file my_file22.txt (compact mmCIF, C-alpha atoms)
# COMPACT_ATOMS: atom_id res chain seq x y z
CA MET A 1 -19.79 36.55 85.07
CA ASN A 2 -16.33 35.00 84.68
CA HIS A 3 -13.77 34.58 87.44
CA GLN A 4 -11.56 37.40 86.16
CA GLN A 5 -14.50 39.83 86.12
CA GLN A 6 -15.55 38.76 89.63
CA GLU A 7 -12.03 39.40 90.92
CA LYS A 8 -11.99 42.80 89.24
CA ASP A 9 -15.36 43.76 90.77
CA SER A 10 -14.38 42.60 94.23
CA GLU A 11 -11.15 44.58 94.03
CA ALA A 12 -13.10 47.67 92.95
CA ASN A 13 -15.34 47.37 96.02
CA GLU A 14 -12.48 47.02 98.48
CA PRO A 15 -11.52 50.25 100.25
CA ILE A 16 -8.59 51.98 98.66
CA THR A 17 -5.38 51.85 100.70
CA PRO A 18 -3.45 54.97 101.76
CA GLN A 19 -0.57 54.04 99.46
CA GLU A 20 -2.96 53.57 96.53
CA ALA A 21 -4.56 56.91 97.37
CA MET A 22 -1.13 58.54 97.44
CA ASP A 23 -0.23 57.00 94.07
CA LEU A 24 -3.58 57.97 92.59
CA LEU A 25 -3.73 61.54 93.87
CA PHE A 26 -0.07 62.40 93.44
CA GLY A 27 0.55 60.12 90.47
CA GLU A 28 1.79 61.13 87.06
CA GLY A 29 -0.07 64.09 85.62
CA TRP A 30 -1.59 65.45 88.82
CA LEU A 31 0.50 68.60 88.86
CA GLU A 32 -0.08 69.39 85.19
CA GLU A 33 -3.81 68.95 85.66
CA SER A 34 -3.74 71.07 88.82
CA ALA A 35 -1.76 73.84 87.12
CA CYS A 36 -4.21 73.85 84.19
CA ILE A 37 -7.12 74.28 86.59
CA GLU A 38 -5.38 77.19 88.32
CA ASP A 39 -4.53 78.80 84.95
CA GLU A 40 -8.18 78.60 83.91
CA LEU A 41 -9.49 80.12 87.12
CA ASN A 42 -8.98 83.54 88.58
CA CYS A 43 -9.60 82.59 92.18
CA SER A 44 -8.00 81.36 95.39
CA ILE A 45 -8.72 78.19 97.37
CA GLY A 46 -9.79 79.63 100.73
CA ALA A 47 -12.22 77.65 102.86
CA GLY A 48 -13.39 77.85 106.45
CA LEU A 49 -15.66 79.80 108.78
CA ASP A 50 -14.44 83.29 109.65
CA TRP A 51 -14.45 84.81 113.13
CA GLY A 52 -13.61 88.38 112.11
CA ASN A 53 -10.77 90.42 113.53
CA ALA A 54 -11.59 90.52 117.22
CA LEU A 55 -10.82 87.39 119.19
CA GLY A 56 -12.76 87.65 122.41
CA SER A 57 -11.89 86.52 125.89
CA LEU A 58 -13.71 83.21 125.54
CA MET A 59 -11.89 82.44 122.33
CA LEU A 60 -8.60 82.82 124.09
CA ASN A 61 -9.56 79.93 126.33
CA LEU A 62 -7.92 77.50 123.94
CA PRO A 63 -9.47 74.18 124.96
CA LEU A 64 -12.91 75.72 124.57
CA PHE A 65 -12.33 77.35 121.21
CA GLY A 66 -13.10 74.24 119.16
CA ARG A 67 -16.37 73.95 121.04
CA LEU A 68 -17.16 77.59 120.43
CA SER A 69 -17.26 76.94 116.67
CA THR A 70 -19.57 73.97 117.23
CA LEU A 71 -21.73 76.11 119.49
CA ARG A 72 -21.86 78.92 116.94
CA VAL A 73 -23.06 76.76 114.02
CA SER A 74 -25.50 74.97 116.34
CA LEU A 75 -26.98 78.25 117.58
CA ASN A 76 -27.20 79.43 113.96
CA ARG A 77 -29.14 76.31 113.08
CA GLU A 78 -31.40 76.54 116.13
CA VAL A 79 -32.25 80.17 115.51
CA ARG A 80 -33.06 79.35 111.88
CA LEU A 81 -35.37 76.53 112.94
CA ILE A 82 -37.11 78.81 115.44
CA ILE A 83 -37.49 81.69 112.97
CA GLU A 84 -38.92 79.35 110.34
CA THR A 85 -41.84 78.66 112.69
CA TRP A 86 -42.68 82.38 112.97
CA ASP A 87 -44.34 82.62 109.56
CA LEU A 88 -42.36 85.70 108.52
CA GLY A 89 -42.51 85.09 104.77
CA ILE A 90 -40.13 87.39 102.90
CA GLY A 91 -38.60 88.47 106.22
CA ILE A 92 -37.18 85.04 107.13
CA SER A 93 -33.90 85.61 105.35
CA SER A 94 -33.16 88.99 106.95
CA ALA A 95 -34.29 87.71 110.36
CA THR A 96 -31.90 84.74 110.28
CA LYS A 97 -29.06 86.86 108.88
CA THR A 98 -29.48 89.47 111.62
CA ALA A 99 -29.74 86.82 114.33
CA ARG A 100 -26.62 85.09 113.02
CA GLU A 101 -24.65 88.33 113.10
CA LEU A 102 -25.81 89.04 116.65
CA ILE A 103 -24.87 85.53 117.80
CA LYS A 104 -21.39 85.91 116.32
CA GLU A 105 -21.00 89.31 117.96
CA ARG A 106 -22.07 87.97 121.37
CA LEU A 107 -19.72 84.97 121.15
CA ILE A 108 -16.78 87.19 120.22
CA SER A 109 -17.53 89.85 122.82
CA PRO A 110 -19.85 88.41 125.45
CA THR A 111 -21.24 90.69 128.14
CA PRO A 112 -20.11 89.93 131.71
CA GLU A 113 -23.61 88.54 132.43
CA LEU A 114 -23.44 86.18 129.45
CA ILE A 115 -19.98 84.72 130.16
CA PRO A 116 -21.05 82.27 132.93
CA HIS A 117 -23.89 80.95 130.75
CA LEU A 118 -21.54 80.42 127.80
CA GLU A 119 -18.89 78.79 129.94
CA ALA A 120 -21.43 76.44 131.49
CA THR A 121 -22.60 75.37 128.03
CA LEU A 122 -19.07 75.02 126.70
CA LEU A 123 -18.08 72.83 129.63
CA GLN A 124 -20.90 70.30 129.10
CA ASP A 125 -18.89 67.47 127.55
CA ASP A 126 -21.96 65.51 126.45
CA LEU A 127 -22.99 68.28 124.04
CA TYR A 128 -19.88 68.03 121.90
CA GLY A 129 -19.32 64.92 119.83
CA GLU A 130 -20.84 65.84 116.51
CA GLU A 131 -20.77 68.74 114.08
CA PHE A 132 -24.00 70.14 115.58
CA ILE A 133 -25.27 70.04 119.16
CA SER A 134 -28.44 67.95 119.18
CA ASN A 135 -29.78 69.09 122.57
CA ARG A 136 -32.22 71.74 121.35
CA GLU A 137 -33.37 72.67 124.85
CA ALA A 138 -29.82 73.63 125.84
CA LEU A 139 -29.53 75.76 122.71
CA LYS A 140 -32.90 77.43 123.25
CA SER A 141 -32.00 78.28 126.84
CA LEU A 142 -28.76 79.84 125.72
CA LEU A 143 -30.42 81.78 122.89
CA ALA A 144 -32.84 83.24 125.41
CA VAL A 145 -29.86 84.75 127.23
CA ILE A 146 -27.77 85.64 124.19
CA LEU A 147 -30.44 87.59 122.31
CA THR A 148 -31.49 90.58 124.38
CA ASP A 149 -34.65 92.69 124.05
CA SER A 150 -32.81 95.20 121.90
CA ASP A 151 -31.60 92.34 119.66
CA ARG A 152 -35.19 91.22 119.19
CA GLU A 153 -36.09 94.82 118.31
CA GLU A 154 -33.30 94.84 115.74
CA ILE A 155 -34.47 91.57 114.18
CA ALA A 156 -38.05 92.85 114.04
CA GLU A 157 -36.89 96.06 112.40
CA LYS A 158 -34.93 94.19 109.72
CA VAL A 159 -37.93 91.97 108.99
CA ALA A 160 -40.19 95.03 108.75
CA ASN A 161 -37.76 96.64 106.32
CA SER A 162 -37.72 93.49 104.15
CA VAL A 163 -41.50 93.46 103.99
CA ARG A 164 -41.57 97.16 103.24
CA THR A 165 -39.03 96.80 100.41
CA GLN A 166 -41.01 93.94 98.96
CA VAL A 167 -44.30 95.85 99.07
CA MET A 168 -42.74 98.94 97.50
CA SER A 169 -41.14 96.96 94.68
CA GLN A 170 -44.42 95.18 93.98
CA MET A 171 -46.27 98.49 93.85
CA ASN A 172 -43.75 99.88 91.36
CA PHE A 173 -44.29 96.80 89.27
CA SER A 174 -48.05 97.33 89.33
CA GLN A 175 -47.57 100.93 88.21
CA GLN A 176 -45.37 99.80 85.34
CA LEU A 177 -48.01 97.33 84.21
CA SER A 178 -50.80 99.92 84.18
CA ALA A 179 -48.63 102.50 82.38
CA MET B 1 5.39 64.02 109.15
CA ARG B 2 7.38 65.08 106.09
CA ARG B 3 6.29 63.99 102.62
CA ARG B 4 8.07 65.05 99.48
CA ILE B 5 5.84 66.41 96.74
CA GLU B 6 6.27 68.64 93.71
CA ILE B 7 4.74 72.00 92.95
CA LYS B 8 5.08 74.10 89.82
CA ARG B 9 6.97 77.37 89.58
CA GLY B 10 4.58 79.86 88.02
CA VAL B 11 7.03 81.86 85.93
CA ASP B 12 8.37 78.95 83.83
CA ASN B 13 6.11 76.02 84.75
CA THR B 14 8.99 73.88 85.95
CA ASN B 15 8.44 71.38 88.74
CA VAL B 16 10.19 72.06 92.03
CA GLU B 17 10.55 70.03 95.20
CA ALA B 18 8.34 70.85 98.16
CA TYR B 19 7.35 69.18 101.40
CA LEU B 20 4.08 68.52 103.17
CA VAL B 21 4.80 68.88 106.88
CA ASP B 22 3.03 69.28 110.21
CA LEU B 23 1.99 72.83 111.01
CA ALA B 24 4.62 74.44 113.25
CA LYS B 25 5.70 77.79 114.64
CA ASN B 26 7.92 78.68 111.67
CA HIS B 27 4.85 78.55 109.39
CA VAL B 28 2.95 80.87 111.69
CA ASP B 29 5.97 83.21 111.71
CA ASP B 30 5.93 83.28 107.89
CA TYR B 31 2.21 84.00 107.97
CA THR B 32 2.63 86.83 110.46
CA ASN B 33 5.76 88.37 108.99
CA SER B 34 5.26 87.84 105.26
CA TRP B 35 1.60 87.20 104.51
CA VAL B 36 -0.61 89.38 106.68
CA GLU B 37 0.30 92.73 105.14
CA SER B 38 -0.44 91.50 101.61
CA LEU B 39 -3.67 89.83 102.66
CA ARG B 40 -4.90 93.10 104.15
CA LEU B 41 -3.60 95.21 101.28
CA PHE B 42 -5.47 93.05 98.78
CA THR B 43 -8.48 92.73 101.13
CA GLN B 44 -8.44 88.95 101.00
CA GLU B 45 -11.33 87.18 102.70
CA ASP B 46 -8.96 85.44 105.11
CA LYS B 47 -7.15 88.64 106.11
CA TYR B 48 -8.12 88.28 109.76
CA TRP B 49 -7.45 84.58 110.19
CA ASP B 50 -5.06 84.12 113.04
CA TRP B 51 -2.90 81.08 112.32
CA GLY B 52 -0.91 81.59 115.51
CA PHE B 53 -4.10 81.10 117.43
CA LYS B 54 -5.08 78.16 115.25
CA LEU B 55 -1.72 76.47 115.92
CA LYS B 56 -2.25 76.85 119.66
CA TYR B 57 -5.74 75.44 119.68
CA ILE B 58 -4.98 72.42 117.48
CA SER B 59 -2.38 71.35 120.01
CA ASN B 60 -5.16 71.28 122.62
CA ASN B 61 -7.59 69.22 120.54
CA ASP B 62 -6.79 65.71 119.34
CA ASN B 63 -9.45 65.91 116.63
CA LEU B 64 -7.61 68.72 114.85
CA GLU B 65 -4.52 68.46 112.66
CA GLY B 66 -2.50 71.18 110.97
CA TYR B 67 -0.32 70.92 107.87
CA ALA B 68 1.82 73.19 105.72
CA VAL B 69 3.54 73.07 102.33
CA GLU B 70 7.15 74.26 102.41
CA HIS B 71 9.49 75.12 99.57
CA GLU B 72 13.07 75.98 100.51
CA ASN B 73 11.93 76.49 104.10
CA ARG B 74 9.32 79.08 103.13
CA THR B 75 5.66 78.43 103.83
CA GLN B 76 3.55 78.16 100.67
CA GLY B 77 0.24 76.94 102.07
CA LEU B 78 -1.55 76.09 105.32
CA MET B 79 -4.40 73.77 106.26
CA ILE B 80 -6.26 72.62 109.37
CA ILE B 81 -8.53 69.58 109.30
CA GLU B 82 -11.05 68.21 111.78
CA THR B 83 -11.13 64.43 111.85
CA GLN B 84 -13.82 63.17 114.22
CA MET B 85 -16.96 65.27 114.31
CA HIS B 86 -18.17 66.01 110.79
CA GLY B 87 -20.61 63.83 108.90
CA SER B 88 -21.05 63.37 105.17
CA ARG B 89 -23.93 65.21 103.47
CA LEU B 90 -23.57 62.84 100.53
CA ASN B 91 -23.76 59.63 102.51
CA ILE B 92 -25.50 60.16 105.84
CA GLY B 93 -23.89 58.26 108.70
CA LYS B 94 -20.40 58.35 107.20
CA ARG B 95 -17.61 60.55 108.53
CA VAL B 96 -15.63 63.07 106.52
CA VAL B 97 -12.36 64.82 107.08
CA TYR B 98 -13.52 68.42 107.38
CA VAL B 99 -11.23 71.17 106.11
CA ASP B 100 -11.50 73.78 108.85
CA GLY B 101 -9.19 76.20 107.08
CA ILE B 102 -7.04 76.16 103.94
CA VAL B 103 -5.06 78.99 102.34
CA THR B 104 -2.06 79.58 100.11
CA ALA B 105 0.62 82.24 100.43
CA PRO B 106 -0.38 85.61 98.93
CA THR B 107 2.30 85.20 96.24
CA ASN B 108 0.60 81.99 95.09
CA ARG B 109 -2.74 83.72 94.54
CA ILE B 110 -3.43 84.74 90.99
CA GLU B 111 -5.55 87.68 92.12
CA ILE B 112 -2.47 89.08 93.91
CA GLN B 113 0.41 87.98 91.70
CA ARG B 114 0.30 86.95 88.05
CA PRO B 115 1.79 84.50 87.35
CA PRO B 116 1.71 83.13 90.87
CA GLN B 117 5.02 82.15 92.40
CA PHE B 118 3.93 78.51 92.69
CA LYS B 119 0.99 76.48 91.41
CA GLY B 120 -0.46 73.31 92.88
CA VAL B 121 0.04 74.22 96.54
CA GLY B 122 -3.62 74.34 97.54
CA GLN B 123 -4.44 71.25 95.55
CA ALA B 124 -1.58 69.37 97.20
CA LEU B 125 -3.05 70.21 100.60
CA LEU B 126 -6.55 69.24 99.52
CA LYS B 127 -5.31 65.92 98.13
CA PHE B 128 -3.50 65.28 101.37
CA ALA B 129 -6.78 65.81 103.23
CA ARG B 130 -8.20 63.00 101.07
CA ILE B 131 -5.26 60.77 101.94
CA ARG B 132 -5.84 61.43 105.65
CA SER B 133 -9.47 60.53 105.05
CA VAL B 134 -8.42 57.18 103.56
CA GLU B 135 -5.99 56.60 106.44
CA LEU B 136 -8.78 57.27 108.94
CA GLY B 137 -11.12 54.84 107.22
CA TYR B 138 -13.36 57.55 105.73
CA GLU B 139 -12.62 56.32 102.19
CA GLY B 140 -11.50 59.69 100.87
CA ARG B 141 -14.55 61.70 101.90
CA VAL B 142 -13.66 65.33 102.53
CA GLY B 143 -15.97 68.28 103.21
CA LEU B 144 -15.44 72.02 103.45
CA HIS B 145 -17.17 75.40 103.36
CA SER B 146 -15.73 77.49 100.56
CA LEU B 147 -15.06 81.19 100.84
CA PRO B 148 -17.19 83.03 98.25
CA SER B 149 -14.23 83.83 95.99
CA SER B 150 -13.10 80.19 95.89
CA GLU B 151 -16.29 78.43 94.84
CA GLY B 152 -15.11 78.15 91.23
CA PHE B 153 -12.02 76.30 92.37
CA TYR B 154 -14.00 73.64 94.22
CA GLU B 155 -16.48 73.31 91.37
CA LYS B 156 -13.50 72.53 89.14
CA GLN B 157 -12.36 69.81 91.53
CA ASN B 158 -15.64 68.00 90.80
CA MET B 159 -16.61 68.22 94.44
CA PHE B 160 -20.33 67.90 95.08
CA ASN B 161 -21.90 71.34 95.64
CA TYR B 162 -24.50 71.31 98.42
CA GLY B 163 -25.25 75.01 98.19
CA ALA B 164 -25.04 77.73 100.81
CA GLU B 165 -25.54 76.68 104.42
CA VAL B 166 -27.12 79.27 106.71
CA GLU B 167 -25.41 77.75 109.75
CA TYR B 168 -22.03 78.53 108.20
CA ASP B 169 -22.77 82.16 107.30
CA ASN B 170 -24.08 81.07 103.92
CA LEU B 171 -20.75 79.62 102.82
CA VAL B 172 -21.23 76.94 100.17
CA TYR B 173 -20.57 73.37 101.29
CA PHE B 174 -18.55 71.11 98.97
CA GLU B 175 -17.82 67.44 99.45
CA TYR B 176 -15.61 64.80 97.86
CA GLY B 177 -17.19 61.38 97.84
CA VAL B 178 -15.45 58.02 98.11
CA LEU B 179 -12.06 57.87 96.41
CA ARG B 180 -12.07 54.96 93.95
CA ARG B 181 -9.38 53.27 91.96
CA GLY B 182 -11.02 54.51 88.76
CA ASN B 183 -10.54 58.18 89.58
CA SER B 184 -8.41 60.29 87.25
CA PRO B 185 -4.70 60.86 88.03
CA ALA B 186 -5.56 64.12 89.72
CA GLY B 187 -8.08 62.34 91.90
CA ARG B 188 -11.16 63.82 90.30
CA ASN B 189 -14.20 61.60 90.43
CA LEU B 190 -14.97 60.11 87.04
call {"tool": "encode", "arguments": {"input": "my_file22.txt", "output": "structure tokens"}}
result
Amino acid sequence: MNHQQQEKDSEANEPITPQEAMDLLFGEGWLEESACIEDELNCSIGAGLDWGNALGSLMLNLPLFGRLSTLRVSLNREVRLIIETWDLGIGISSATKTARELIKERLISPTPELIPHLEATLLQDDLYGEEFISNREALKSLLAVILTDSDREEIAEKVANSVRTQVMSQMNFSQQLSA
Amino acid sequence: MRRRIEIKRGVDNTNVEAYLVDLAKNHVDDYTNSWVESLRLFTQEDKYWDWGFKLKYISNNDNLEGYAVEHENRTQGLMIIETQMHGSRLNIGKRVVYVDGIVTAPTNRIEIQRPPQFKGVGQALLKFARIRSVELGYEGRVGLHSLPSSEGFYEKQNMFNYGAEVEYDNLVYFEYGVLRRGNSPAGRNL
């Protein structure tokens, strides 16, 4: 490898500088290319997790709101991991979806009994430093309070419906085959 | 922060001057007074996002930053990024700038107005997120969860599609990798 090539390779491996990034991303042609992409597509650019239209009392506690998003995705992950161990087969998807909806509902509009538990979790500084909370015990404890008996009934019902739908569709298929 | 950029006027494709600025109250006022009604009328997925609330909470969290694109003092796009807590899916152990929320004005959305009033607004914000990533030492890595109607847009940006993530209500996760000198003028990975 000659000296010129070595210099070129080493330059390529060096991190790009902000000014170079600016020149590259907003350099000649960027807007034409961007406009072409937008002309080709019939869609917007929206991104981000939605909280619905009802901001609850906890969400109005501004310093805690950022943590509430972290808590929500962490609880979603924990409940998925738990449900995956239940051997629900075709019902896993509806179980996790229902649980996720219930978690969101509880975080937006917590019951008076739930509020102190949520606040205690939200105030634990050591839980919040990454995208997901890694302390699974803390999440499990909170899930045990968030999801009530009636929530568990609802999840079970959705799972039962999924299994029922699957069985019925399979039976129709069998009938079609024998016809 | 105030950076001059250009965006394209939709009706005649001419370039016009615009500015990338820090998110401020006047942007939230535009959102509330000029955007919300259209977003609800056209049942946009972000119709309930409360940017007034977002502005308040970013000022309480040093890991969050808000930006807007302005043209002639009117807000054309909004974005919030998270800069300290999100990790790369593409390169485990590396940080990304995470786009917590990004939208354009209703008049810049082709599904609401054809041609849109301005083009390039959302992409300007997204490119700026990459620049912030470079400034923070994250080498241009940017991640986000796309709204269902926007997945095509992020596919077109050549962002890596990681599929739907249950934790994020099944929104699809997209990520830009390292920004290299060999990328195309529009910053797409070659």
call {"tool": "closest_atom_pairs", "arguments": {"input": "my_file22.txt", "of": "chain B", "to": "chain A", "cutoff": "7 Å", "atoms": "only C-alpha atoms", "output": "Markdown table"}}
result
| residue | atom | partner | partner_atom | distance |
| --- | --- | --- | --- | --- |
| B:Ile7 | CA | A:Leu31 | CA | 6.8 |
| B:Tyr48 | CA | A:Asn53 | CA | 5.1 |
| B:Tyr57 | CA | A:Leu62 | CA | 5.2 |
| B:Asn60 | CA | A:Pro63 | CA | 5.7 |
| B:Asn61 | CA | A:Pro63 | CA | 6.9 |
| B:Met85 | CA | A:Glu130 | CA | 4.5 |
| B:His86 | CA | A:Glu131 | CA | 5.0 |
| B:Asp100 | CA | A:Gly48 | CA | 5.1 |
| B:Gly101 | CA | A:Gly48 | CA | 4.6 |
| B:Ile102 | CA | A:Gly46 | CA | 5.5 |
| B:Val103 | CA | A:Gly46 | CA | 5.0 |
| B:Arg109 | CA | A:Ser44 | CA | 5.8 |
| B:Ile110 | CA | A:Asn42 | CA | 6.2 |
| B:Glu111 | CA | A:Asn42 | CA | 6.4 |
| B:Lys119 | CA | A:Ala35 | CA | 5.7 |
| B:Gly120 | CA | A:Ser34 | CA | 5.7 |
| B:Gly122 | CA | A:Ile45 | CA | 6.4 |
| B:Gln123 | CA | A:Ser34 | CA | 6.8 |
| B:Lys127 | CA | A:Leu25 | CA | 6.3 |
| B:Ile131 | CA | A:Ala21 | CA | 6.0 |
| B:Val134 | CA | A:Pro18 | CA | 5.7 |
| B:Glu135 | CA | A:Pro18 | CA | 5.6 |
| B:Glu139 | CA | A:Pro15 | CA | 6.5 |
| B:Leu144 | CA | A:Ala47 | CA | 6.5 |
| B:His145 | CA | A:Ala47 | CA | 5.5 |
| B:Ser146 | CA | A:Ala47 | CA | 4.2 |
| B:Leu147 | CA | A:Ala47 | CA | 5.0 |
| B:Ser149 | CA | A:Cys43 | CA | 6.1 |
| B:Ser150 | CA | A:Ile45 | CA | 5.0 |
| B:Phe153 | CA | A:Ile45 | CA | 6.3 |
| B:Glu167 | CA | A:Asn76 | CA | 4.9 |
| B:Tyr168 | CA | A:Val73 | CA | 6.2 |
| B:Arg180 | CA | A:Ile16 | CA | 6.6 |
| B:Arg181 | CA | A:Ala12 | CA | 6.8 |
| B:Pro185 | CA | A:Leu24 | CA | 5.5 |
| B:Ala186 | CA | A:Trp30 | CA | 4.3 |
| B:Gly187 | CA | A:Leu25 | CA | 4.8 |
call {"tool": "closest_residue", "arguments": {"input": "my_file22.txt", "among": "A:Leu68, A:Ala95, A:Leu88, A:Ile82", "to": "Glu154 (chain A)", "atoms": "only C-alpha atoms"}}
result
A:Ala95
call {"tool": "atom_distance", "arguments": {"input": "my_file22.txt", "atom1": "CA of Gly93 (chain B)", "atom2": "CA of Asp169 (chain B)"}}
result
24.0 Å
call {"tool": "atom_distance", "arguments": {"input": "my_file22.txt", "atom1": "CA of Arg152 (chain A)", "atom2": "CA of Leu127 (chain A)"}}
result
26.4 Å
call {"tool": "atom_distance", "arguments": {"input": "my_file22.txt", "atom1": "CA of Arg130 (chain B)", "atom2": "CA of Tyr176 (chain B)"}}
result
8.3 Å
call {"tool": "residues_around", "arguments": {"input": "my_file22.txt", "residues": "Val11 (chain B)", "least_positions_apart": "2", "cutoff": "8 Å", "atoms": "only C-alpha atoms", "output": "PyMOL selection string"}}
result
chain B and resi 9+13+115-117
call {"tool": "closest_residue", "arguments": {"input": "my_file22.txt", "among": "A:Asn135, A:Leu142, A:Glu105, A:Trp86", "to": "Ala156 (chain A)", "atoms": "all atoms listed in the file"}}
result
A:Trp86
call {"tool": "residues_around", "arguments": {"input": "my_file22.txt", "residues": "Thr83 (chain B)", "least_positions_apart": "6", "cutoff": "12 Å", "atoms": "all atoms listed in the file", "output": "mmCIF file with C-alpha atoms, in the frame of the given file"}}
result
data_model
loop_
_atom_site.group_PDB
_atom_site.id
_atom_site.type_symbol
_atom_site.label_atom_id
_atom_site.label_comp_id
_atom_site.auth_asym_id
_atom_site.auth_seq_id
_atom_site.Cartn_x
_atom_site.Cartn_y
_atom_site.Cartn_z
ATOM 1 C CA GLY A 129 -19.320 64.920 119.830
ATOM 2 C CA GLU A 130 -20.840 65.840 116.510
ATOM 3 C CA GLU A 131 -20.770 68.740 114.080
ATOM 4 C CA ILE B 58 -4.980 72.420 117.480
ATOM 5 C CA ASN B 61 -7.590 69.220 120.540
ATOM 6 C CA ASP B 62 -6.790 65.710 119.340
ATOM 7 C CA ASN B 63 -9.450 65.910 116.630
ATOM 8 C CA LEU B 64 -7.610 68.720 114.850
ATOM 9 C CA GLU B 65 -4.520 68.460 112.660
ATOM 10 C CA GLY B 66 -2.500 71.180 110.970
ATOM 11 C CA ARG B 95 -17.610 60.550 108.530
ATOM 12 C CA VAL B 96 -15.630 63.070 106.520
ATOM 13 C CA VAL B 97 -12.360 64.820 107.080
ATOM 14 C CA TYR B 98 -13.520 68.420 107.380
ATOM 15 C CA VAL B 99 -11.230 71.170 106.110
ATOM 16 C CA ASP B 100 -11.500 73.780 108.850
ATOM 17 C CA ALA B 129 -6.780 65.810 103.230
ATOM 18 C CA ARG B 130 -8.200 63.000 101.070
ATOM 19 C CA ARG B 132 -5.840 61.430 105.650
ATOM 20 C CA SER B 133 -9.470 60.530 105.050
ATOM 21 C CA VAL B 134 -8.420 57.180 103.560
ATOM 22 C CA GLU B 135 -5.990 56.600 106.440
ATOM 23 C CA LEU B 136 -8.780 57.270 108.940
ATOM 24 C CA GLY B 137 -11.120 54.840 107.220
ATOM 25 C CA TYR B 138 -13.360 57.550 105.730
ATOM 26 C CA GLY B 140 -11.500 59.690 100.870
ATOM 27 C CA ARG B 141 -14.550 61.700 101.900
ATOM 28 C CA VAL B 142 -13.660 65.330 102.530
ATOM 29 C CA GLY B 143 -15.970 68.280 103.210
#
call {"tool": "closest_residue", "arguments": {"input": "my_file22.txt", "among": "A:Ser134, A:Thr98, A:Gln124, A:Ser109", "to": "Val166 (chain B)", "atoms": "only C-alpha atoms"}}
result
A:Thr98
call {"tool": "residues_around", "arguments": {"input": "my_file22.txt", "residues": "Tyr162 (chain B)", "least_positions_apart": "6", "cutoff": "7 Å", "atoms": "only C-alpha atoms", "output": "ChimeraX atom specification"}}
result
/B:172-174
call {"tool": "residues_around", "arguments": {"input": "my_file22.txt", "residues": "region 25-37 of chain B", "least_positions_apart": "5", "cutoff": "10 Å", "atoms": "only C-alpha atoms", "output": "VMD selection string"}}
result
chain B and resid 42 to 44 46 to 56 67 to 70 73 to 78 104 to 107
call {"tool": "closest_residue", "arguments": {"input": "my_file22.txt", "among": "A:His117, A:Gly91, A:Glu84, A:Arg106", "to": "Val163 (chain A)", "atoms": "all atoms listed in the file"}}
result
A:Gly91
call {"tool": "decode", "arguments": {"input": "my_file22.txt", "residues": "region 115-124 of chain A", "atoms": "N, CA, C and O atoms", "output": "mmCIF file, in the first residue's frame"}}
result
data_model
loop_
_atom_site.group_PDB
_atom_site.id
_atom_site.type_symbol
_atom_site.label_atom_id
_atom_site.label_comp_id
_atom_site.auth_asym_id
_atom_site.auth_seq_id
_atom_site.Cartn_x
_atom_site.Cartn_y
_atom_site.Cartn_z
ATOM 1 N N ILE A 115 -50.845 5.699 42.622
ATOM 2 C CA ILE A 115 -49.980 6.887 42.527
ATOM 3 C C ILE A 115 -48.730 6.806 43.423
ATOM 4 O O ILE A 115 -47.615 7.039 42.933
ATOM 5 N N PRO A 116 -48.854 6.461 44.715
ATOM 6 C CA PRO A 116 -47.626 6.420 45.539
ATOM 7 C C PRO A 116 -46.597 5.397 45.040
ATOM 8 O O PRO A 116 -45.393 5.663 45.093
ATOM 9 N N HIS A 117 -47.082 4.271 44.508
ATOM 10 C CA HIS A 117 -46.160 3.260 43.973
ATOM 11 C C HIS A 117 -45.418 3.804 42.737
ATOM 12 O O HIS A 117 -44.221 3.620 42.585
ATOM 13 N N LEU A 118 -46.175 4.473 41.869
ATOM 14 C CA LEU A 118 -45.561 5.033 40.660
ATOM 15 C C LEU A 118 -44.552 6.116 41.023
ATOM 16 O O LEU A 118 -43.434 6.143 40.504
ATOM 17 N N GLU A 119 -44.961 6.978 41.934
ATOM 18 C CA GLU A 119 -44.066 8.078 42.326
ATOM 19 C C GLU A 119 -42.783 7.533 42.943
ATOM 20 O O GLU A 119 -41.686 8.018 42.653
ATOM 21 N N ALA A 120 -42.934 6.508 43.765
ATOM 22 C CA ALA A 120 -41.740 5.926 44.406
ATOM 23 C C ALA A 120 -40.793 5.371 43.351
ATOM 24 O O ALA A 120 -39.567 5.560 43.429
ATOM 25 N N THR A 121 -41.348 4.721 42.330
ATOM 26 C CA THR A 121 -40.501 4.167 41.268
ATOM 27 C C THR A 121 -39.880 5.285 40.429
ATOM 28 O O THR A 121 -38.706 5.217 40.062
ATOM 29 N N LEU A 122 -40.677 6.296 40.148
ATOM 30 C CA LEU A 122 -40.170 7.394 39.321
ATOM 31 C C LEU A 122 -39.088 8.204 40.030
ATOM 32 O O LEU A 122 -38.252 8.835 39.383
ATOM 33 N N LEU A 123 -39.102 8.177 41.349
ATOM 34 C CA LEU A 123 -38.117 8.967 42.098
ATOM 35 C C LEU A 123 -36.809 8.207 42.366
ATOM 36 O O LEU A 123 -35.874 8.774 42.915
ATOM 37 N N GLN A 124 -36.755 6.942 41.980
ATOM 38 C CA GLN A 124 -35.518 6.169 42.195
ATOM 39 C C GLN A 124 -34.504 6.508 41.106
ATOM 40 O O GLN A 124 -34.513 5.930 40.015
#
